[in-house]
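> Before anything else, here's the structure in question.
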Amino acid sequence: PDETRLRNYWKKMQELYVSVHGSPKYVVAGINGAAPAGGCFLALLCDYRILADASKCVIGLNETQLGMAPPIWFYGLYERVFDSPAKAERHMAQGTLFAPADAVAHGVVDEIVPIEDVTEAAIKHAQAASKVPHKAVSRVRLMVRAEKLSWLNTNAEKDADEFQAQVCSDTMQRSLDAYMASFNARKKK
């Protein structure tokens with residue numbers, strides 16, 4: 001990979017985390033497709049996640065399946081949804097992808113609905129959530145998330161260095177090549 005481009009990409013991921021996770025606004029995700037890795041990350045940034053109840057709609061942080069350890073701030077998002085840190089760690093280490101029923105059972109998503117109802121359900125939930133006084137919601141969000149946000153702001157360069165080193169390693173490059181070959185083979189079927 002182009003190392004400058006890769007680093008810029010990771011900086012954008014960090015900025016996205018700070019922007020959405022640190023936002024005073026309540027955010028709802030409507031997910032109507034597969035959400036592995038980065039897709040799961042985006043969903044976990046949100047306060048409420050609605051996933052389509054369809055076989056193609058798997059979700060999870062599966063980076064370890066490609067030989068990459070996700071950063072601590074990804075883990076912090078998982079830790080918020082599982083009922084124990086040990087389960088969050090186990091599923092992140094295993095790279096578990098959850099089918100809709102398992103995703104809701106484990107708290108990775110909050111609700112599953114038929115695929116054609118995802119957008120309507122997300123809007124309905126956002127409207128209901130908007131009835132809670134905004135300042136109170138904002139204060140709780142920022143109070144609960146301040147420590148993780150501060151960590152990333154303080155450690156952004158070190159985090160980017162670690163990401164770049166992982167992705168540029170020979171092992172990771174071989175893993176990504178194999179994944180892309182398998183992905184392209186599935187697309188052709």
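A note on labels: chains of the structure tokens are A, B, ... as shown, every chain counts residues from 1, and ligands are counted from 1 in their shown order.
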For the strand (DSSP E or B) assignment from backbone DSSP, which residues of segment 6-165 of chain A qualify? Please present them as a list in words.
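Answer for segment 6-165 of chain A restricted to strand (DSSP E or B) is Val28, Ala29, Gly30, Ile31, Ala35, Pro36, Tyr48, Arg49, Ile50, Leu51, Ala52, Ile59, Gly60, Phe98, Glu111, Ile112 and Val113 of chain A.
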> Selected residues, N, CA and C atoms, written as a CSV table (one decimal), in the first residue's frame, please.

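Heads up, here's the output in selection.csv:
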```
chain,number,residue,atom,x,y,z
A,28,VAL,N,-28.6,7.2,15.3
A,28,VAL,CA,-29.3,5.9,15.1
A,28,VAL,C,-28.7,5.3,13.7
A,29,ALA,N,-28.4,4.0,13.7
A,29,ALA,CA,-27.9,3.3,12.5
A,29,ALA,C,-29.0,2.4,12.0
A,30,GLY,N,-29.3,2.5,10.7
A,30,GLY,CA,-30.1,1.5,10.1
A,30,GLY,C,-29.2,0.7,9.1
A,31,ILE,N,-29.1,-0.6,9.4
A,31,ILE,CA,-28.1,-1.4,8.6
A,31,ILE,C,-28.9,-2.4,7.8
A,35,ALA,N,-22.2,-5.9,7.6
A,35,ALA,CA,-21.4,-4.9,8.3
A,35,ALA,C,-20.3,-5.5,9.1
A,36,PRO,N,-19.3,-6.1,8.3
A,36,PRO,CA,-18.1,-6.6,9.0
A,36,PRO,C,-17.1,-5.5,9.2
A,48,TYR,N,-27.9,3.6,18.8
A,48,TYR,CA,-28.9,2.6,18.6
A,48,TYR,C,-28.8,2.0,17.2
A,49,ARG,N,-28.8,0.7,17.1
A,49,ARG,CA,-28.5,0.0,15.9
A,49,ARG,C,-29.6,-0.9,15.5
A,50,ILE,N,-30.2,-0.7,14.3
A,50,ILE,CA,-31.3,-1.6,13.8
A,50,ILE,C,-30.7,-2.3,12.6
A,51,LEU,N,-30.8,-3.6,12.6
A,51,LEU,CA,-30.2,-4.5,11.6
A,51,LEU,C,-31.3,-5.2,10.9
A,52,ALA,N,-31.2,-5.3,9.6
A,52,ALA,CA,-32.2,-6.0,8.8
A,52,ALA,C,-32.1,-7.5,9.1
A,59,ILE,N,-22.8,-9.0,11.1
A,59,ILE,CA,-22.1,-7.9,11.7
A,59,ILE,C,-21.1,-8.3,12.7
A,60,GLY,N,-20.0,-7.7,12.8
A,60,GLY,CA,-19.0,-8.0,13.8
A,60,GLY,C,-17.6,-7.4,13.4
A,98,PHE,N,-21.7,-12.0,13.5
A,98,PHE,CA,-23.0,-12.4,14.0
A,98,PHE,C,-24.1,-12.3,13.0
A,111,GLU,N,-32.0,-4.0,17.7
A,111,GLU,CA,-33.2,-4.4,17.2
A,111,GLU,C,-33.0,-5.0,15.8
A,112,ILE,N,-33.8,-6.0,15.4
A,112,ILE,CA,-33.8,-6.5,14.0
A,112,ILE,C,-35.2,-6.4,13.5
A,113,VAL,N,-35.3,-6.0,12.2
A,113,VAL,CA,-36.6,-5.8,11.6
A,113,VAL,C,-36.5,-6.3,10.1
```
> For atom CA of Arg90 of chain A and atom CA of Gly76 of chain A, determine how far apart the two atoms are, in Å to one decimal place.
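One can read the atom CA of Arg90 of chain A to atom CA of Gly76 of chain A distance as 13.4 Å.
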> Any idea what's packed within 9 Å of Val108 of chain A, counting only C-alpha atoms, ignoring anything in its chain fewer than 2 positions away? Could you give it as an MDAnalysis selection string?
chainID A and resid 40 43:44 49 59:60 78 81:82 98 102:106 110
> Using only C-alpha atoms, which of A:Val109, A:Phe163, A:Cys168, A:Lys187 sits nearest Lys11 of chain A?
A:Phe163
> Using only C-alpha atoms, find the one residue out of A:Ala160, A:Leu16, A:Leu6, A:Val58 that sits nearest to Leu45 of chain A.
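Smallest distance to Leu45 of chain A is found for A:Leu16.
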> Just give me the gap between atom CA of Arg145 of chain A and atom CA of Gly22 of chain A in Å, one decimal is fine.
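Interatomic distance here is 7.0 Å.
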> Find the residue from A:Leu152, A:Cys46, A:Met92, A:Ala146 that sits nearest to Asn62 of chain A; use only C-alpha atoms when measuring.
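Smallest distance to Asn62 of chain A is found for A:Met92.
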> Can you build me a table of segment 64-145 of chain A residues sitting at most 12 Å from segment 170-174 of chain A, with the closest atom pair per residue and its distance in Å to one decimal, using only C-alpha atoms, sorted by chain and residue number, as a tab-separated table?

```
residue	atom	partner	partner_atom	distance
A:Thr64	CA	A:Met172	CA	10.3
A:Gln65	CA	A:Met172	CA	10.6
A:Leu66	CA	A:Met172	CA	7.1
A:Gly67	CA	A:Met172	CA	6.0
A:Met68	CA	A:Met172	CA	7.0
A:Ala69	CA	A:Met172	CA	10.5
```
> Using N, CA, C and O atoms, can you export the residues from the last selection as an mmCIF file, in the first residue's frame?

```
data_model
loop_
_atom_site.group_PDB
_atom_site.id
_atom_site.type_symbol
_atom_site.label_atom_id
_atom_site.label_comp_id
_atom_site.auth_asym_id
_atom_site.auth_seq_id
_atom_site.Cartn_x
_atom_site.Cartn_y
_atom_site.Cartn_z
ATOM 1 N N THR A 64 -9.456 -9.727 13.111
ATOM 2 C CA THR A 64 -8.488 -10.772 13.460
ATOM 3 C C THR A 64 -8.508 -11.912 12.450
ATOM 4 O O THR A 64 -7.495 -12.594 12.279
ATOM 5 N N GLN A 65 -9.627 -12.111 11.779
ATOM 6 C CA GLN A 65 -9.706 -13.148 10.739
ATOM 7 C C GLN A 65 -8.736 -12.853 9.592
ATOM 8 O O GLN A 65 -8.358 -13.757 8.852
ATOM 9 N N LEU A 66 -8.364 -11.587 9.453
ATOM 10 C CA LEU A 66 -7.406 -11.189 8.419
ATOM 11 C C LEU A 66 -5.993 -11.041 8.987
ATOM 12 O O LEU A 66 -5.080 -10.630 8.282
ATOM 13 N N GLY A 67 -5.852 -11.326 10.283
ATOM 14 C CA GLY A 67 -4.539 -11.234 10.898
ATOM 15 C C GLY A 67 -4.223 -9.890 11.510
ATOM 16 O O GLY A 67 -3.073 -9.582 11.812
ATOM 17 N N MET A 68 -5.243 -9.065 11.712
ATOM 18 C CA MET A 68 -5.024 -7.728 12.260
ATOM 19 C C MET A 68 -5.701 -7.593 13.620
ATOM 20 O O MET A 68 -6.855 -7.977 13.776
ATOM 21 N N ALA A 69 -4.989 -7.038 14.570
ATOM 22 C CA ALA A 69 -5.584 -6.742 15.876
ATOM 23 C C ALA A 69 -6.211 -5.356 15.813
ATOM 24 O O ALA A 69 -5.518 -4.378 15.534
#
```
> Just asking: which residues within segment 34-100 of chain A are alpha helix (DSSP H) according to DSSP, as a PyMOL selection string?
chain A and resi 38-44+72-81+85-94+100
> So, counting only C-alpha atoms, which residue among A:Tyr75, A:Tyr9, A:Tyr17, A:Tyr26 is closest to His125 of chain A?
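Comparing A:Tyr75, A:Tyr9, A:Tyr17, A:Tyr26 against His125 of chain A, the winner is A:Tyr26.
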> Quick one: distance from atom CA of Lys12 of chain A to atom CA of Gln127 of chain A in Å, one decimal?
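Rounded to one decimal, the two atoms are 29.2 Å apart.
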> Using only C-alpha atoms for the distances, tell me which of A:Asp53, A:Thr4, A:Trp10, A:Asp177 is nearest to Glu157 of chain A.
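Among A:Asp53, A:Thr4, A:Trp10, A:Asp177, it is A:Trp10 that comes nearest to Glu157 of chain A.
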